[in-house]
>>> print(open('structure.cif').read())   # mmCIF, N, CA and C atoms
data_input
#
loop_
_atom_site.label_atom_id
_atom_site.label_comp_id
_atom_site.auth_asym_id
_atom_site.auth_seq_id
_atom_site.Cartn_x
_atom_site.Cartn_y
_atom_site.Cartn_z
N MET A 8 -13.33 -18.15 26.26
CA MET A 8 -14.72 -18.50 26.42
C MET A 8 -15.49 -18.13 25.14
N ILE A 9 -16.31 -19.01 24.68
CA ILE A 9 -17.10 -18.79 23.48
C ILE A 9 -18.44 -18.17 23.88
N SER A 10 -18.76 -17.06 23.24
CA SER A 10 -20.01 -16.38 23.54
C SER A 10 -21.15 -16.97 22.72
N ARG A 11 -22.35 -16.63 23.10
CA ARG A 11 -23.53 -17.08 22.35
C ARG A 11 -23.48 -16.54 20.93
N ARG A 12 -23.02 -15.30 20.78
CA ARG A 12 -22.90 -14.68 19.45
C ARG A 12 -21.94 -15.48 18.57
N ASP A 13 -20.81 -15.92 19.13
CA ASP A 13 -19.84 -16.72 18.37
C ASP A 13 -20.45 -18.02 17.89
N VAL A 14 -21.24 -18.65 18.75
CA VAL A 14 -21.90 -19.90 18.38
C VAL A 14 -22.90 -19.66 17.25
N MET A 15 -23.70 -18.61 17.37
CA MET A 15 -24.68 -18.29 16.33
C MET A 15 -23.99 -17.94 15.02
N LYS A 16 -22.93 -17.14 15.10
CA LYS A 16 -22.20 -16.75 13.90
C LYS A 16 -21.57 -17.97 13.25
N GLY A 17 -20.98 -18.84 14.03
CA GLY A 17 -20.38 -20.07 13.52
C GLY A 17 -21.39 -20.97 12.85
N GLY A 18 -22.58 -21.06 13.42
CA GLY A 18 -23.64 -21.88 12.82
C GLY A 18 -24.10 -21.33 11.49
N ALA A 19 -24.23 -20.02 11.39
CA ALA A 19 -24.66 -19.40 10.13
C ALA A 19 -23.59 -19.59 9.06
N ILE A 20 -22.35 -19.38 9.43
CA ILE A 20 -21.26 -19.53 8.46
C ILE A 20 -21.11 -21.00 8.07
N GLY A 21 -21.26 -21.90 9.02
CA GLY A 21 -21.15 -23.33 8.71
C GLY A 21 -22.16 -23.78 7.70
N SER A 22 -23.39 -23.28 7.82
CA SER A 22 -24.42 -23.67 6.86
C SER A 22 -24.12 -23.12 5.48
N VAL A 23 -23.53 -21.96 5.40
CA VAL A 23 -23.15 -21.41 4.10
C VAL A 23 -21.99 -22.19 3.51
N LEU A 24 -21.05 -22.60 4.35
CA LEU A 24 -19.92 -23.37 3.85
C LEU A 24 -20.37 -24.67 3.20
N LEU A 25 -21.40 -25.27 3.73
CA LEU A 25 -21.92 -26.49 3.12
C LEU A 25 -22.48 -26.21 1.74
N ALA A 26 -22.85 -24.97 1.48
CA ALA A 26 -23.43 -24.61 0.18
C ALA A 26 -22.38 -24.17 -0.84
N VAL A 27 -21.10 -24.04 -0.44
CA VAL A 27 -20.07 -23.56 -1.38
C VAL A 27 -20.01 -24.41 -2.64
N PRO A 28 -20.01 -25.75 -2.60
CA PRO A 28 -19.98 -26.50 -3.86
C PRO A 28 -21.19 -26.20 -4.73
N GLN A 29 -22.37 -26.02 -4.14
CA GLN A 29 -23.54 -25.70 -4.92
C GLN A 29 -23.42 -24.30 -5.52
N MET A 30 -22.81 -23.38 -4.78
CA MET A 30 -22.62 -22.03 -5.31
C MET A 30 -21.71 -22.07 -6.52
N VAL A 31 -20.72 -22.94 -6.48
CA VAL A 31 -19.80 -23.07 -7.61
C VAL A 31 -20.58 -23.52 -8.83
N SER A 32 -21.47 -24.50 -8.68
CA SER A 32 -22.28 -24.96 -9.79
C SER A 32 -23.18 -23.85 -10.30
N ALA A 33 -23.75 -23.11 -9.39
CA ALA A 33 -24.64 -22.03 -9.79
C ALA A 33 -23.88 -20.98 -10.58
N ALA A 34 -22.62 -20.79 -10.27
CA ALA A 34 -21.82 -19.80 -10.98
C ALA A 34 -21.23 -20.37 -12.27
N GLU A 35 -21.55 -21.63 -12.57
CA GLU A 35 -21.08 -22.31 -13.77
C GLU A 35 -19.56 -22.33 -13.86
N THR A 36 -18.92 -22.67 -12.74
CA THR A 36 -17.48 -22.83 -12.71
C THR A 36 -17.16 -24.25 -12.32
N PRO A 37 -15.94 -24.72 -12.60
CA PRO A 37 -15.58 -26.07 -12.21
C PRO A 37 -15.51 -26.22 -10.69
N ALA A 38 -15.33 -27.44 -10.24
CA ALA A 38 -15.23 -27.72 -8.81
C ALA A 38 -14.04 -26.99 -8.20
N LEU A 39 -14.09 -26.79 -6.89
CA LEU A 39 -13.01 -26.08 -6.19
C LEU A 39 -11.74 -26.91 -6.16
N ASP A 40 -10.62 -26.25 -6.39
CA ASP A 40 -9.31 -26.87 -6.23
C ASP A 40 -8.77 -26.65 -4.82
N ALA A 41 -9.25 -25.62 -4.15
CA ALA A 41 -8.86 -25.34 -2.77
C ALA A 41 -9.91 -24.44 -2.14
N LEU A 42 -9.96 -24.47 -0.82
CA LEU A 42 -10.88 -23.64 -0.04
C LEU A 42 -10.04 -22.82 0.94
N LEU A 43 -10.18 -21.51 0.88
CA LEU A 43 -9.42 -20.60 1.71
C LEU A 43 -10.31 -20.06 2.83
N LEU A 44 -9.87 -20.24 4.06
CA LEU A 44 -10.67 -19.82 5.22
C LEU A 44 -9.88 -18.81 6.05
N ASP A 45 -10.53 -17.71 6.35
CA ASP A 45 -9.98 -16.68 7.21
C ASP A 45 -10.42 -17.02 8.64
N THR A 46 -9.48 -17.42 9.48
CA THR A 46 -9.83 -17.89 10.82
C THR A 46 -10.37 -16.78 11.72
N ARG A 47 -10.28 -15.54 11.28
CA ARG A 47 -10.92 -14.46 12.05
C ARG A 47 -12.44 -14.59 11.97
N VAL A 48 -12.94 -15.06 10.82
CA VAL A 48 -14.39 -15.12 10.62
C VAL A 48 -14.92 -16.54 10.59
N VAL A 49 -14.05 -17.53 10.36
CA VAL A 49 -14.42 -18.95 10.37
C VAL A 49 -13.38 -19.67 11.23
N PRO A 50 -13.60 -19.72 12.54
CA PRO A 50 -12.58 -20.26 13.44
C PRO A 50 -12.35 -21.77 13.32
N THR A 51 -13.35 -22.52 12.86
CA THR A 51 -13.18 -23.97 12.75
C THR A 51 -13.41 -24.41 11.31
N VAL A 52 -12.83 -25.52 10.97
CA VAL A 52 -12.97 -26.06 9.62
C VAL A 52 -14.36 -26.68 9.49
N PRO A 53 -15.10 -26.30 8.46
CA PRO A 53 -16.45 -26.85 8.29
C PRO A 53 -16.41 -28.29 7.80
N SER A 54 -17.46 -29.02 8.10
CA SER A 54 -17.55 -30.38 7.57
C SER A 54 -18.12 -30.31 6.16
N GLY A 55 -17.97 -31.40 5.43
CA GLY A 55 -18.54 -31.47 4.10
C GLY A 55 -17.59 -31.05 2.99
N HIS A 56 -16.33 -30.88 3.30
CA HIS A 56 -15.37 -30.47 2.27
C HIS A 56 -14.22 -31.46 2.17
N GLU A 57 -14.53 -32.73 2.34
CA GLU A 57 -13.52 -33.77 2.22
C GLU A 57 -12.98 -33.75 0.79
N GLY A 58 -11.68 -33.91 0.66
CA GLY A 58 -11.06 -33.96 -0.65
C GLY A 58 -10.70 -32.60 -1.22
N VAL A 59 -11.14 -31.52 -0.60
CA VAL A 59 -10.77 -30.18 -1.05
C VAL A 59 -9.68 -29.66 -0.12
N PRO A 60 -8.49 -29.37 -0.65
CA PRO A 60 -7.42 -28.85 0.22
C PRO A 60 -7.84 -27.53 0.89
N LEU A 61 -7.54 -27.44 2.16
CA LEU A 61 -7.88 -26.24 2.93
C LEU A 61 -6.64 -25.39 3.14
N LEU A 62 -6.80 -24.11 2.94
CA LEU A 62 -5.76 -23.13 3.24
C LEU A 62 -6.35 -22.19 4.28
N ARG A 63 -5.58 -21.88 5.32
CA ARG A 63 -6.09 -21.02 6.39
C ARG A 63 -5.13 -19.87 6.65
N PHE A 64 -5.70 -18.76 7.06
CA PHE A 64 -4.91 -17.61 7.45
C PHE A 64 -5.75 -16.78 8.43
N ALA A 65 -5.12 -15.82 9.06
CA ALA A 65 -5.84 -14.99 10.05
C ALA A 65 -5.70 -13.51 9.69
N GLY A 66 -6.39 -13.09 8.65
CA GLY A 66 -6.41 -11.68 8.30
C GLY A 66 -5.41 -11.25 7.24
N ASP A 67 -4.17 -11.70 7.36
CA ASP A 67 -3.12 -11.31 6.41
C ASP A 67 -2.90 -12.45 5.43
N VAL A 68 -3.29 -12.24 4.19
CA VAL A 68 -3.26 -13.29 3.17
C VAL A 68 -1.88 -13.39 2.49
N THR A 69 -0.91 -12.61 2.92
CA THR A 69 0.42 -12.58 2.28
C THR A 69 1.07 -13.95 2.22
N ARG A 70 1.12 -14.66 3.32
CA ARG A 70 1.80 -15.96 3.36
C ARG A 70 1.12 -16.96 2.43
N VAL A 71 -0.19 -16.98 2.40
CA VAL A 71 -0.93 -17.89 1.50
C VAL A 71 -0.60 -17.53 0.05
N TRP A 72 -0.51 -16.25 -0.25
CA TRP A 72 -0.18 -15.81 -1.61
C TRP A 72 1.20 -16.33 -2.00
N TYR A 73 2.19 -16.07 -1.17
CA TYR A 73 3.56 -16.47 -1.50
C TYR A 73 3.76 -17.98 -1.51
N ASP A 74 3.14 -18.68 -0.57
CA ASP A 74 3.37 -20.12 -0.44
C ASP A 74 2.52 -20.96 -1.39
N HIS A 75 1.36 -20.46 -1.82
CA HIS A 75 0.45 -21.31 -2.59
C HIS A 75 -0.10 -20.66 -3.85
N LEU A 76 -0.78 -19.54 -3.69
CA LEU A 76 -1.57 -19.00 -4.79
C LEU A 76 -0.74 -18.45 -5.94
N ASP A 77 0.32 -17.74 -5.68
CA ASP A 77 1.13 -17.17 -6.76
C ASP A 77 1.60 -18.26 -7.71
N ARG A 78 2.12 -19.32 -7.17
CA ARG A 78 2.61 -20.45 -7.99
C ARG A 78 1.46 -21.11 -8.74
N ARG A 79 0.36 -21.35 -8.06
CA ARG A 79 -0.79 -22.02 -8.68
C ARG A 79 -1.43 -21.17 -9.77
N TRP A 80 -1.52 -19.86 -9.53
CA TRP A 80 -2.18 -18.99 -10.49
C TRP A 80 -1.30 -18.65 -11.69
N ARG A 81 -0.05 -19.09 -11.69
CA ARG A 81 0.81 -18.94 -12.87
C ARG A 81 0.59 -20.10 -13.84
N GLN A 82 -0.18 -21.09 -13.41
CA GLN A 82 -0.50 -22.25 -14.24
C GLN A 82 -1.97 -22.19 -14.63
N PRO A 83 -2.35 -22.91 -15.70
CA PRO A 83 -3.77 -22.92 -16.07
C PRO A 83 -4.64 -23.54 -14.98
N GLY A 84 -5.88 -23.13 -14.95
CA GLY A 84 -6.85 -23.70 -14.02
C GLY A 84 -6.77 -23.11 -12.63
N HIS A 85 -7.15 -23.87 -11.66
CA HIS A 85 -7.17 -23.58 -10.23
C HIS A 85 -8.28 -22.63 -9.84
N VAL A 86 -9.37 -23.23 -9.39
CA VAL A 86 -10.53 -22.49 -8.90
C VAL A 86 -10.45 -22.47 -7.38
N LEU A 87 -10.50 -21.28 -6.82
CA LEU A 87 -10.36 -21.08 -5.39
C LEU A 87 -11.67 -20.57 -4.82
N GLY A 88 -12.16 -21.22 -3.78
CA GLY A 88 -13.33 -20.76 -3.05
C GLY A 88 -12.89 -20.33 -1.67
N GLY A 89 -13.69 -19.52 -1.02
CA GLY A 89 -13.30 -19.13 0.31
C GLY A 89 -14.36 -18.37 1.07
N ILE A 90 -14.08 -18.25 2.36
CA ILE A 90 -14.86 -17.39 3.24
C ILE A 90 -13.83 -16.57 4.00
N THR A 91 -13.86 -15.26 3.75
CA THR A 91 -12.87 -14.38 4.34
C THR A 91 -13.53 -13.07 4.73
N GLY A 92 -12.73 -12.25 5.37
CA GLY A 92 -13.16 -10.88 5.59
C GLY A 92 -13.11 -10.14 4.26
N SER A 93 -13.92 -9.09 4.15
CA SER A 93 -13.96 -8.31 2.91
C SER A 93 -12.62 -7.65 2.63
N ASP A 94 -11.85 -7.35 3.66
CA ASP A 94 -10.53 -6.75 3.46
C ASP A 94 -9.58 -7.71 2.76
N ALA A 95 -9.57 -8.97 3.17
CA ALA A 95 -8.71 -9.97 2.54
C ALA A 95 -9.18 -10.26 1.12
N LEU A 96 -10.49 -10.29 0.90
CA LEU A 96 -11.00 -10.53 -0.44
C LEU A 96 -10.59 -9.40 -1.39
N PHE A 97 -10.56 -8.18 -0.91
CA PHE A 97 -10.11 -7.07 -1.75
C PHE A 97 -8.70 -7.34 -2.28
N VAL A 98 -7.80 -7.75 -1.40
CA VAL A 98 -6.42 -8.06 -1.81
C VAL A 98 -6.41 -9.21 -2.81
N LEU A 99 -7.16 -10.26 -2.53
CA LEU A 99 -7.22 -11.41 -3.43
C LEU A 99 -7.77 -11.03 -4.81
N GLU A 100 -8.75 -10.14 -4.84
CA GLU A 100 -9.32 -9.71 -6.13
C GLU A 100 -8.27 -9.00 -6.98
N VAL A 101 -7.45 -8.17 -6.37
CA VAL A 101 -6.39 -7.47 -7.11
C VAL A 101 -5.38 -8.47 -7.65
N LEU A 102 -4.95 -9.40 -6.82
CA LEU A 102 -3.99 -10.42 -7.24
C LEU A 102 -4.58 -11.32 -8.31
N ALA A 103 -5.85 -11.68 -8.16
CA ALA A 103 -6.52 -12.55 -9.13
C ALA A 103 -6.59 -11.89 -10.50
N ALA A 104 -6.91 -10.61 -10.54
CA ALA A 104 -7.01 -9.89 -11.82
C ALA A 104 -5.69 -9.92 -12.56
N GLN A 105 -4.59 -9.83 -11.84
CA GLN A 105 -3.26 -9.86 -12.46
C GLN A 105 -2.92 -11.25 -12.98
N ALA A 106 -3.65 -12.27 -12.54
CA ALA A 106 -3.39 -13.65 -12.95
C ALA A 106 -4.48 -14.19 -13.87
N GLY A 107 -5.29 -13.31 -14.45
CA GLY A 107 -6.32 -13.76 -15.38
C GLY A 107 -7.50 -14.44 -14.72
N ARG A 108 -7.78 -14.05 -13.48
CA ARG A 108 -8.89 -14.62 -12.74
C ARG A 108 -9.76 -13.51 -12.20
N ARG A 109 -10.97 -13.88 -11.78
CA ARG A 109 -11.86 -12.89 -11.18
C ARG A 109 -12.84 -13.60 -10.25
N VAL A 110 -13.49 -12.80 -9.43
CA VAL A 110 -14.53 -13.32 -8.55
C VAL A 110 -15.75 -13.62 -9.42
N VAL A 111 -16.17 -14.89 -9.43
CA VAL A 111 -17.32 -15.29 -10.23
C VAL A 111 -18.56 -15.51 -9.36
N HIS A 112 -18.37 -15.52 -8.07
CA HIS A 112 -19.48 -15.62 -7.12
C HIS A 112 -19.09 -14.90 -5.85
N ARG A 113 -20.03 -14.13 -5.30
CA ARG A 113 -19.79 -13.40 -4.05
C ARG A 113 -21.10 -13.33 -3.29
N GLN A 114 -21.04 -13.66 -1.99
CA GLN A 114 -22.21 -13.55 -1.13
C GLN A 114 -21.78 -13.00 0.22
N THR A 115 -22.39 -11.93 0.63
CA THR A 115 -22.11 -11.35 1.94
C THR A 115 -22.84 -12.16 2.99
N LEU A 116 -22.09 -12.66 3.98
CA LEU A 116 -22.67 -13.51 5.01
C LEU A 116 -23.03 -12.74 6.28
N THR A 117 -22.21 -11.75 6.61
CA THR A 117 -22.48 -10.93 7.79
C THR A 117 -22.24 -9.47 7.43
N PRO A 118 -22.96 -8.57 8.07
CA PRO A 118 -22.71 -7.15 7.81
C PRO A 118 -21.33 -6.75 8.34
N ALA A 119 -20.85 -5.61 7.87
CA ALA A 119 -19.55 -5.12 8.31
C ALA A 119 -19.55 -4.88 9.82
N ASP A 120 -18.43 -5.23 10.42
CA ASP A 120 -18.27 -5.01 11.86
C ASP A 120 -17.81 -3.58 12.13
N GLY A 121 -17.39 -3.29 13.33
CA GLY A 121 -16.94 -1.96 13.70
C GLY A 121 -15.73 -1.48 12.92
N ASN A 122 -14.96 -2.42 12.38
CA ASN A 122 -13.79 -2.07 11.57
C ASN A 122 -14.12 -2.01 10.08
N GLY A 123 -15.38 -2.20 9.73
CA GLY A 123 -15.78 -2.15 8.33
C GLY A 123 -15.55 -3.44 7.56
N VAL A 124 -15.29 -4.55 8.28
CA VAL A 124 -15.00 -5.83 7.64
C VAL A 124 -16.23 -6.74 7.71
N ALA A 125 -16.75 -7.11 6.54
CA ALA A 125 -17.87 -8.05 6.44
C ALA A 125 -17.32 -9.43 6.15
N THR A 126 -18.09 -10.47 6.44
CA THR A 126 -17.73 -11.84 6.09
C THR A 126 -18.33 -12.14 4.73
N ILE A 127 -17.47 -12.60 3.79
CA ILE A 127 -17.88 -12.84 2.41
C ILE A 127 -17.54 -14.27 2.01
N SER A 128 -18.47 -14.94 1.36
CA SER A 128 -18.23 -16.23 0.72
C SER A 128 -18.04 -15.93 -0.77
N TRP A 129 -17.03 -16.53 -1.39
CA TRP A 129 -16.71 -16.19 -2.77
C TRP A 129 -16.06 -17.35 -3.51
N VAL A 130 -16.00 -17.23 -4.83
CA VAL A 130 -15.28 -18.16 -5.70
C VAL A 130 -14.51 -17.32 -6.71
N ILE A 131 -13.22 -17.61 -6.84
CA ILE A 131 -12.36 -16.97 -7.84
C ILE A 131 -11.99 -18.03 -8.86
N ALA A 132 -12.19 -17.71 -10.13
CA ALA A 132 -11.93 -18.68 -11.21
C ALA A 132 -11.29 -17.97 -12.40
N PRO A 133 -10.62 -18.74 -13.27
CA PRO A 133 -10.07 -18.16 -14.49
C PRO A 133 -11.18 -17.59 -15.37
N HIS A 134 -10.89 -16.51 -16.06
CA HIS A 134 -11.87 -15.96 -16.98
C HIS A 134 -11.29 -15.72 -18.36
N HIS A 135 -10.03 -16.01 -18.53
CA HIS A 135 -9.39 -15.86 -19.84
C HIS A 135 -9.04 -17.24 -20.36
N PRO A 136 -9.26 -17.50 -21.65
CA PRO A 136 -9.01 -18.84 -22.19
C PRO A 136 -7.60 -19.39 -21.94
N SER A 137 -6.61 -18.52 -21.82
CA SER A 137 -5.24 -19.00 -21.62
C SER A 137 -4.99 -19.57 -20.23
N VAL A 138 -5.90 -19.35 -19.29
CA VAL A 138 -5.69 -19.85 -17.93
C VAL A 138 -6.77 -20.79 -17.46
N MET A 139 -7.65 -21.24 -18.35
CA MET A 139 -8.81 -22.04 -17.92
C MET A 139 -8.52 -23.51 -17.68
N VAL A 140 -7.77 -24.16 -18.48
CA VAL A 140 -7.65 -25.62 -18.36
C VAL A 140 -6.67 -26.01 -17.31
#
>>> encode(input="structure.cif", output="structure tokens")
Amino acid sequence: MISRRDVMKGGAIGSVLLAVPQMVSAAETPALDALLLDTRVVPTVPSGHEGVPLLRFAGDVTRVWYDHLDRRWRQPGHVLGGITGSDALFVLEVLAAQAGRRVVHRQTLTPADGNGVATISWVIAPHHPSVMV
């Protein structure tokens, strides 16, 4: 059963998801190559992201790292946007730094819950010339 809180939270997150491409422009980074969604905080796929490959996970980003990001981040380019829990973003930030990338945009969408996990919208992009193109 979906609670009123879930509906309100989904609506707030959905409106922010529609702004992700604009956030990318504001951060002066190229368009997104993929959008990563943590289904714990974004249970449904938002509209308005046609043509952007979606990657989904539920809290543990390990499988996405092994199946997609590690290989992609060994090559030049690849800008990743996402909405995840702050715990998953922490892991992604560490992995991104090792691959010549960093968080170029971050926006907290919801305060931390009882477990200390906030919902964050972010963009990770190359920051070293050897990985930009």
>>> atom_distance(input="structure.cif", atom1="atom CA of Asp40 of chain A", atom2="atom N of Pro118 of chain A")
26.9 Å
>>> closest_residue(input="structure.cif", among="A:Val49, A:Gly58, A:Thr91, A:Gly107", to="Ser128 of chain A", atoms="only N, CA and C atoms")
A:Thr91
>>> residues_near_point(input="structure.cif", point="(-2.7, -11.3, -4.7)", cutoff="8 Å", atoms="only N, CA and C atoms", output="PyMOL selection string")
chain A and resi 68-69+72-73+76-77+97-106
>>> atom_distance(input="structure.cif", atom1="atom CA of Ser93 of chain A", atom2="atom C of Gly123 of chain A")
6.9 Å
>>> atom_distance(input="structure.cif", atom1="atom CA of Gly66 of chain A", atom2="atom N of Leu39 of chain A")
22.8 Å
